[in-house]
Amino acid sequence: MKTYKQYINGQFINSTSTTRINVLNPCNEEVISSIPTGSAEDANLALEAAKDAQPKWEALPAVQRGAFLHKMADIIRKNRVYLAETLSKEQAKVIGLAQVEIDVTADYFDYNAGWARRIEGEIIQSDREKEHIYLHKVPIGVAVGICPWNFPFFVMARKVAASLITGNTCVIKPSSEAPNTIMEFAELIQNIGMAPGVLNFVCGSGRLIGNALSKSPITGIISLTGSVGAGQQIITAAAKNITKVSLELGGKAPAIVCSDANLDLAVNAIVSSKVIFSGQVCNCAERVYVQDDIYDQFVEKITKKISEVKIDDALTGVDADMSSLVSQSQIDKISEMVEFAKKEGAEVLIGGKRAENFNKGYFYEPTLLTNVSQQMEIIQEEVFGPVLPIMKFNSIDEAIALSNDSQFGLTSSVFSENFNNIMKITNELQFGETYVNREHFEAMQGFHAGWKKSGIGGADGKHGMQEFLQTKVVYAKYF
Ligand SMILES: NC(=O)C1=CN([C@@H]2O[C@H](COP(=O)(O)OP(=O)(O)OC[C@H]3O[C@@H](n4cnc5c(N)ncnc54)[C@H](OP(=O)(O)O)[C@@H]3O)[C@@H](O)[C@H]2O)C=CC1
Ligand SMILES: O=C(O)[C@@H](O)[C@@H]1OC[C@H](O)[C@H]1O
């Protein structure tokens with residue numbers, strides 16, 4: 001069993017707190033590692049180290065900063081199988097998907113290194129003679145990245161790569177549910193030659209160490225991926241120093257399936273979106289609206305497809321499509337939501353219970369619910385699991401209205417072969433991201449950003465990189 005320390009100022013050190021948090025393998029509930037609970041002192045040590053290291057890091061030409069990101073990508077590739085197994089064990093991610101996450105993370109570091117020669121300012125025309133207005137893009141200073149458990153390694157890279165290439169230094173707090181792969185990465189990159197303090201990793205409770213990182217005057221930007229509740233607490237902590245926040249929070253993605261859709265494509269895309277990491281992804285389809293004349297056909301096809309989903313151990317299960325949920329609290333929350341939906345009148349087409357044949361772990365069957373209505377909790381609140389409620393609609397206007405009737409605005413999708421329908425729906429949906437005739441997943445060169453309670457700011461691509469920059473304007477008069 002691995003016992004992790006804090007990685008601060010280029011060294012692995014003991015936390016000032018002596019209590020620890022156990023990390024379980026969700027498939028068999030065995031303790032596989034432990035992390036410190038962390039303390040405000042740990043947070044401050046890491047922030048001070050990052051602050052001290054920042055001016056020299058910023059002064060390095062961006063291509064030299066980028067070279068370190070390429071080294072990180074190389075190290076990930078050299079250790080890709082070990083990292084994927086570590087990830088699979090700590091959060092019950094089926095090994096194939098865990099490997100994809102590791103490989104995409106390496107590519108993500110390389111992609112962000114590519115910004116080195118493309119961070120650009122502007123020269124603006126002045127109203128005065130002999131004056132230039134120079135608009136510079138400069139780093140904010142110290143970036144804090146607070147990570148979730150669902151794609152912990154990839155999301156860590158979202159925060160590290162974008163903050164370092166732009167000249168910020170960085171403090172990462174992994175999720176207490178899934179810190180292992182990140183801390184293994186910290187060990188693997190400790191000797192790549194980056195100055196101490198440029199990148200720090202502190203483990204521990206969000207409410208304790210996460211809060212201390214968020215309310216410190218040293219912190220220049222807090223980038224969180226997580227729940228709405230954590231986002232609200234971070235905004236409150238950040239308010240003290242008016243610290244910038246970039247928040248990627250929950251979602252309740254609608255999938256609209258029109259009469260003229262390619263039904264097999266729609267079914268495959270929607271099912272893959274519920275099966276991928278057992279639906280524990282903010283982008284995943286969380287509710288389906290199907291046009292009434294194809295409803296029965298759609299329900300028949302999707303039920304068949306869901307019945308074929310194979311559930312097994314994440315690491316050893318052969319050809320498993322999905323595995324255990326991440327924790328006891330996740331399975332409790334999801335079971336309660338399904339039971340409540342049933343009380344409100346929902347009909348379970350398939351699933352609706354813990355998966356049989358597993359003595360340990362948090363395995364839940366992929367579940368389809370019908371006879372649901374717009375006001376029900378199962379349509380309004382994020383499930384974050386393998387549960388999909390299906391509703392009928394009559395007109396395109398109705399589908400758009402039902403989709404937009406949500407506190408969330410992260411992702412959405414439309415399945416149609418009619419260009420006019422697609423254009424109307426994509427224009428009128430109030431979501432940061434809409435997928436047309438494809439699965440629910442984004443690209444690293446896009447911009448992943450939620451509207452409404454789904455967040456502020458965003459990640460990926462040029463706009464995600466620019467989150468970590470601030471603007472300085474110089475009015476240069478000459479004679
Ligand atoms: N949009 C998304 O990508 C995600 C959404 N979720 C949603 O959130 C629900 C709960 O998941 P959970 O992992 O507990 O999500 P949380 O939002 O609680 O955790 C995300 C991160 O925030 C930290 N954190 C929690 N509270 C604070 C705080 N007050 N100040 C600073 N940091 C804090 C956590 O630390 P610690 O782990 O130590 O508590 C963790 O590192 C899920 O069921 C899902 O609905 C979850 C993950 C990702
Ligand atoms: O669920 C999320 O918000 C993120 O953690 C997720 O990680 C990989 C996906 O591509 C992200 O959006």
# chains A, B, ... in the order shown; residues from 1 in each chain; ligands from 1
call {"tool": "select_by_dssp", "arguments": {"residues": "segment 77-257 of chain A", "states": "strand (DSSP E or B)", "output": "MDAnalysis selection string"}}
result
chainID A and resid 122:125 131:139 142:146 169:173 199:201 219:225 244:248 253:257
call {"tool": "write_last_selection", "arguments": {"atoms": "N, CA and C atoms", "output": "CSV table (one decimal), in the first residue's frame"}}
result
chain,number,residue,atom,x,y,z
A,122,GLU,N,-1.5,42.8,-28.7
A,122,GLU,CA,-2.0,43.6,-29.8
A,122,GLU,C,-1.3,45.0,-29.8
A,123,ILE,N,-1.2,45.6,-30.9
A,123,ILE,CA,-0.8,47.0,-30.9
A,123,ILE,C,-2.0,47.8,-31.5
A,124,ILE,N,-2.6,48.7,-30.7
A,124,ILE,CA,-3.8,49.4,-31.0
A,124,ILE,C,-3.5,50.8,-31.5
A,125,GLN,N,-4.3,51.3,-32.5
A,125,GLN,CA,-4.1,52.7,-32.9
A,125,GLN,C,-4.4,53.7,-31.8
A,131,GLU,N,2.1,58.0,-30.6
A,131,GLU,CA,1.8,57.1,-29.4
A,131,GLU,C,1.4,55.7,-29.9
A,132,HIS,N,1.9,54.7,-29.2
A,132,HIS,CA,1.4,53.4,-29.5
A,132,HIS,C,0.7,52.8,-28.2
A,133,ILE,N,-0.4,52.1,-28.5
A,133,ILE,CA,-1.0,51.4,-27.4
A,133,ILE,C,-0.7,49.9,-27.5
A,134,TYR,N,0.1,49.5,-26.5
A,134,TYR,CA,0.5,48.1,-26.5
A,134,TYR,C,-0.4,47.3,-25.5
A,135,LEU,N,-1.0,46.2,-26.0
A,135,LEU,CA,-1.8,45.4,-25.2
A,135,LEU,C,-1.0,44.0,-25.0
A,136,HIS,N,-0.6,43.8,-23.8
A,136,HIS,CA,0.2,42.6,-23.5
A,136,HIS,C,-0.6,41.6,-22.8
A,137,LYS,N,-0.3,40.4,-23.0
A,137,LYS,CA,-1.0,39.2,-22.3
A,137,LYS,C,0.1,38.7,-21.3
A,138,VAL,N,-0.2,38.8,-20.0
A,138,VAL,CA,0.8,38.4,-19.0
A,138,VAL,C,0.2,37.3,-18.1
A,139,PRO,N,1.1,36.5,-17.5
A,139,PRO,CA,0.6,35.5,-16.5
A,139,PRO,C,-0.1,36.2,-15.3
A,142,VAL,N,0.1,32.9,-9.5
A,142,VAL,CA,0.0,31.5,-9.0
A,142,VAL,C,-1.4,31.0,-9.3
A,143,ALA,N,-1.4,29.8,-10.0
A,143,ALA,CA,-2.7,29.2,-10.3
A,143,ALA,C,-2.9,28.0,-9.4
A,144,VAL,N,-4.1,27.9,-8.9
A,144,VAL,CA,-4.5,26.7,-8.1
A,144,VAL,C,-5.5,25.9,-8.9
A,145,GLY,N,-5.2,24.6,-9.0
A,145,GLY,CA,-6.0,23.7,-9.8
A,145,GLY,C,-6.6,22.7,-8.8
A,146,ILE,N,-8.0,22.6,-8.7
A,146,ILE,CA,-8.6,21.7,-7.8
A,146,ILE,C,-9.3,20.7,-8.7
A,169,THR,N,3.0,29.8,-12.1
A,169,THR,CA,3.3,28.6,-11.4
A,169,THR,C,2.1,28.0,-10.8
A,170,CYS,N,2.1,26.8,-10.3
A,170,CYS,CA,0.9,26.1,-10.1
A,170,CYS,C,0.9,25.2,-8.8
A,171,VAL,N,-0.3,25.2,-8.2
A,171,VAL,CA,-0.5,24.2,-7.0
A,171,VAL,C,-1.7,23.4,-7.4
A,172,ILE,N,-1.5,22.1,-7.4
A,172,ILE,CA,-2.6,21.2,-7.7
A,172,ILE,C,-3.1,20.5,-6.5
A,173,LYS,N,-4.4,20.4,-6.3
A,173,LYS,CA,-5.0,19.6,-5.2
A,173,LYS,C,-5.8,18.5,-5.9
A,199,LEU,N,5.8,23.7,-9.8
A,199,LEU,CA,4.6,22.8,-9.8
A,199,LEU,C,4.6,22.1,-8.5
A,200,ASN,N,3.5,22.2,-7.8
A,200,ASN,CA,3.4,21.6,-6.4
A,200,ASN,C,2.1,20.8,-6.4
A,201,PHE,N,2.1,19.7,-5.6
A,201,PHE,CA,0.9,18.9,-5.5
A,201,PHE,C,0.6,18.7,-4.0
A,219,THR,N,-3.0,33.4,-4.1
A,219,THR,CA,-3.6,32.7,-5.3
A,219,THR,C,-4.1,33.7,-6.3
A,220,GLY,N,-3.7,33.5,-7.6
A,220,GLY,CA,-4.2,34.5,-8.6
A,220,GLY,C,-5.4,34.0,-9.4
A,221,ILE,N,-5.5,32.7,-9.5
A,221,ILE,CA,-6.7,32.1,-10.2
A,221,ILE,C,-6.9,30.7,-9.6
A,222,ILE,N,-8.2,30.4,-9.4
A,222,ILE,CA,-8.6,29.0,-8.9
A,222,ILE,C,-9.4,28.4,-10.0
A,223,SER,N,-8.9,27.3,-10.5
A,223,SER,CA,-9.6,26.5,-11.5
A,223,SER,C,-10.1,25.2,-10.9
A,224,LEU,N,-11.4,25.1,-10.8
A,224,LEU,CA,-12.0,23.9,-10.2
A,224,LEU,C,-12.8,23.1,-11.3
A,225,THR,N,-12.7,21.8,-11.2
A,225,THR,CA,-13.7,21.0,-11.9
A,225,THR,C,-14.3,20.1,-10.8
A,244,LYS,N,-9.7,35.6,-9.2
A,244,LYS,CA,-10.4,35.0,-10.4
A,244,LYS,C,-10.7,33.6,-10.2
A,245,VAL,N,-11.9,33.2,-10.6
A,245,VAL,CA,-12.3,31.7,-10.6
A,245,VAL,C,-12.6,31.3,-12.0
A,246,SER,N,-12.3,30.0,-12.3
A,246,SER,CA,-12.7,29.4,-13.5
A,246,SER,C,-13.3,28.0,-13.1
A,247,LEU,N,-14.6,27.9,-13.3
A,247,LEU,CA,-15.3,26.7,-12.7
A,247,LEU,C,-16.0,25.9,-13.8
A,248,GLU,N,-15.7,24.6,-13.7
A,248,GLU,CA,-16.4,23.7,-14.6
A,248,GLU,C,-17.2,22.7,-13.7
A,253,ALA,N,-27.2,17.2,-19.3
A,253,ALA,CA,-27.2,17.3,-20.8
A,253,ALA,C,-28.5,16.7,-21.4
A,254,PRO,N,-29.2,17.4,-22.2
A,254,PRO,CA,-30.3,16.8,-23.0
A,254,PRO,C,-29.8,16.3,-24.3
A,255,ALA,N,-30.4,15.1,-24.7
A,255,ALA,CA,-30.1,14.6,-26.1
A,255,ALA,C,-31.5,14.7,-26.8
A,256,ILE,N,-31.5,15.4,-27.9
A,256,ILE,CA,-32.8,15.5,-28.7
A,256,ILE,C,-32.7,14.6,-29.9
A,257,VAL,N,-33.7,13.7,-30.0
A,257,VAL,CA,-33.7,12.7,-31.1
A,257,VAL,C,-34.9,13.0,-31.9
call {"tool": "residues_near_ligand", "arguments": {"ligand": "ligand 1", "cutoff": "7 Å", "atoms": "only C-alpha atoms and all ligand atoms", "output": "PyMOL selection string"}}
result
chain A and resi 146-150+173-177+204-207+210-211+214+224-231+233-234+248-251+281-282+330+382-384
call {"tool": "write_last_selection", "arguments": {"atoms": "N, CA and C atoms", "output": "short mmCIF file (atom, residue, chain, number, x, y, z; two decimals), in the first residue's frame"}}
result
data_model
loop_
_atom_site.label_atom_id
_atom_site.label_comp_id
_atom_site.auth_asym_id
_atom_site.auth_seq_id
_atom_site.Cartn_x
_atom_site.Cartn_y
_atom_site.Cartn_z
N ILE A 146 -7.95 22.64 -8.70
CA ILE A 146 -8.63 21.69 -7.80
C ILE A 146 -9.35 20.66 -8.68
N CYS A 147 -8.97 19.39 -8.49
CA CYS A 147 -9.35 18.35 -9.46
C CYS A 147 -10.48 17.45 -8.96
N PRO A 148 -11.27 16.91 -9.90
CA PRO A 148 -12.33 15.96 -9.55
C PRO A 148 -11.81 14.53 -9.59
N TRP A 149 -12.68 13.58 -9.28
CA TRP A 149 -12.26 12.18 -9.30
C TRP A 149 -12.58 11.51 -10.63
N ASN A 150 -13.40 12.12 -11.48
CA ASN A 150 -13.90 11.32 -12.62
C ASN A 150 -12.89 11.17 -13.76
N LYS A 173 -4.44 20.44 -6.27
CA LYS A 173 -5.02 19.61 -5.22
C LYS A 173 -5.85 18.51 -5.89
N PRO A 174 -5.36 17.25 -5.79
CA PRO A 174 -6.15 16.15 -6.37
C PRO A 174 -7.41 15.88 -5.55
N SER A 175 -8.37 15.19 -6.16
CA SER A 175 -9.55 14.73 -5.41
C SER A 175 -9.10 13.69 -4.38
N SER A 176 -9.72 13.69 -3.21
CA SER A 176 -9.35 12.70 -2.19
C SER A 176 -9.82 11.30 -2.57
N GLU A 177 -10.76 11.20 -3.53
CA GLU A 177 -11.22 9.88 -3.99
C GLU A 177 -10.21 9.24 -4.94
N GLY A 204 -5.41 16.29 0.19
CA GLY A 204 -6.18 16.49 1.41
C GLY A 204 -7.59 16.96 1.17
N SER A 205 -8.28 17.14 2.27
CA SER A 205 -9.70 17.46 2.24
C SER A 205 -9.97 18.79 1.54
N GLY A 206 -10.97 18.76 0.66
CA GLY A 206 -11.33 19.98 -0.07
C GLY A 206 -11.74 21.09 0.87
N ARG A 207 -12.53 20.73 1.87
CA ARG A 207 -13.05 21.76 2.79
C ARG A 207 -11.93 22.41 3.59
N GLY A 210 -8.37 22.68 0.35
CA GLY A 210 -8.94 23.35 -0.83
C GLY A 210 -9.40 24.74 -0.48
N ASN A 211 -10.01 24.86 0.68
CA ASN A 211 -10.49 26.17 1.13
C ASN A 211 -9.31 27.11 1.41
N SER A 214 -7.99 28.44 -1.71
CA SER A 214 -8.92 29.35 -2.40
C SER A 214 -8.97 30.73 -1.75
N LEU A 224 -11.41 25.11 -10.83
CA LEU A 224 -12.03 23.91 -10.22
C LEU A 224 -12.81 23.15 -11.27
N THR A 225 -12.72 21.83 -11.23
CA THR A 225 -13.70 20.97 -11.91
C THR A 225 -14.34 20.15 -10.80
N GLY A 226 -15.65 20.26 -10.67
CA GLY A 226 -16.30 19.53 -9.58
C GLY A 226 -17.78 19.89 -9.50
N SER A 227 -18.31 19.79 -8.29
CA SER A 227 -19.75 19.98 -8.10
C SER A 227 -20.10 21.46 -7.99
N VAL A 228 -21.38 21.75 -8.15
CA VAL A 228 -21.87 23.13 -7.98
C VAL A 228 -21.61 23.59 -6.55
N GLY A 229 -21.83 22.68 -5.59
CA GLY A 229 -21.63 23.04 -4.17
C GLY A 229 -20.19 23.49 -3.91
N ALA A 230 -19.23 22.73 -4.43
CA ALA A 230 -17.82 23.11 -4.22
C ALA A 230 -17.55 24.43 -4.92
N GLY A 231 -18.14 24.62 -6.11
CA GLY A 231 -17.96 25.88 -6.85
C GLY A 231 -18.46 27.06 -6.04
N GLN A 233 -18.74 27.23 -2.78
CA GLN A 233 -17.85 27.47 -1.62
C GLN A 233 -16.55 28.15 -2.05
N ILE A 234 -16.09 27.79 -3.23
CA ILE A 234 -14.84 28.41 -3.72
C ILE A 234 -15.08 29.87 -4.08
N GLU A 248 -15.69 24.59 -13.74
CA GLU A 248 -16.41 23.66 -14.61
C GLU A 248 -17.19 22.74 -13.70
N LEU A 249 -18.52 22.93 -13.67
CA LEU A 249 -19.32 22.27 -12.63
C LEU A 249 -20.25 21.22 -13.26
N GLY A 250 -21.40 21.02 -12.67
CA GLY A 250 -22.25 19.92 -13.12
C GLY A 250 -22.94 20.18 -14.44
N GLY A 251 -23.67 19.17 -14.90
CA GLY A 251 -24.45 19.32 -16.13
C GLY A 251 -25.70 18.47 -16.07
N VAL A 281 -19.73 11.44 -15.82
CA VAL A 281 -19.03 12.48 -16.59
C VAL A 281 -20.00 13.64 -16.79
N CYS A 282 -19.51 14.86 -16.63
CA CYS A 282 -20.40 16.02 -16.71
C CYS A 282 -21.00 16.21 -18.09
N GLN A 330 -21.63 7.59 -4.03
CA GLN A 330 -22.19 7.70 -5.38
C GLN A 330 -23.33 6.69 -5.58
N GLU A 382 -28.72 16.59 -11.55
CA GLU A 382 -27.67 15.76 -12.14
C GLU A 382 -27.60 14.40 -11.42
N VAL A 383 -27.65 13.31 -12.20
CA VAL A 383 -27.53 11.97 -11.60
C VAL A 383 -26.05 11.58 -11.48
N PHE A 384 -25.29 11.83 -12.54
CA PHE A 384 -23.87 11.48 -12.58
C PHE A 384 -23.68 9.97 -12.41
#
call {"tool": "residues_around", "arguments": {"residues": "Arg117 of chain A", "least_positions_apart": "5", "cutoff": "10 Å", "atoms": "only C-alpha atoms", "output": "PyMOL selection string"}}
result
chain A and resi 61-63+66
call {"tool": "closest_residue", "arguments": {"among": "A:Asn437, A:Gln430, A:Ser278, A:Asn283", "to": "ligand 2", "atoms": "only C-alpha atoms and all ligand atoms"}}
result
A:Asn283
call {"tool": "closest_residue", "arguments": {"among": "A:Ala449, A:Ile75, A:Ile334, A:Met1", "to": "Ala186 of chain A", "atoms": "only C-alpha atoms"}}
result
A:Ile75
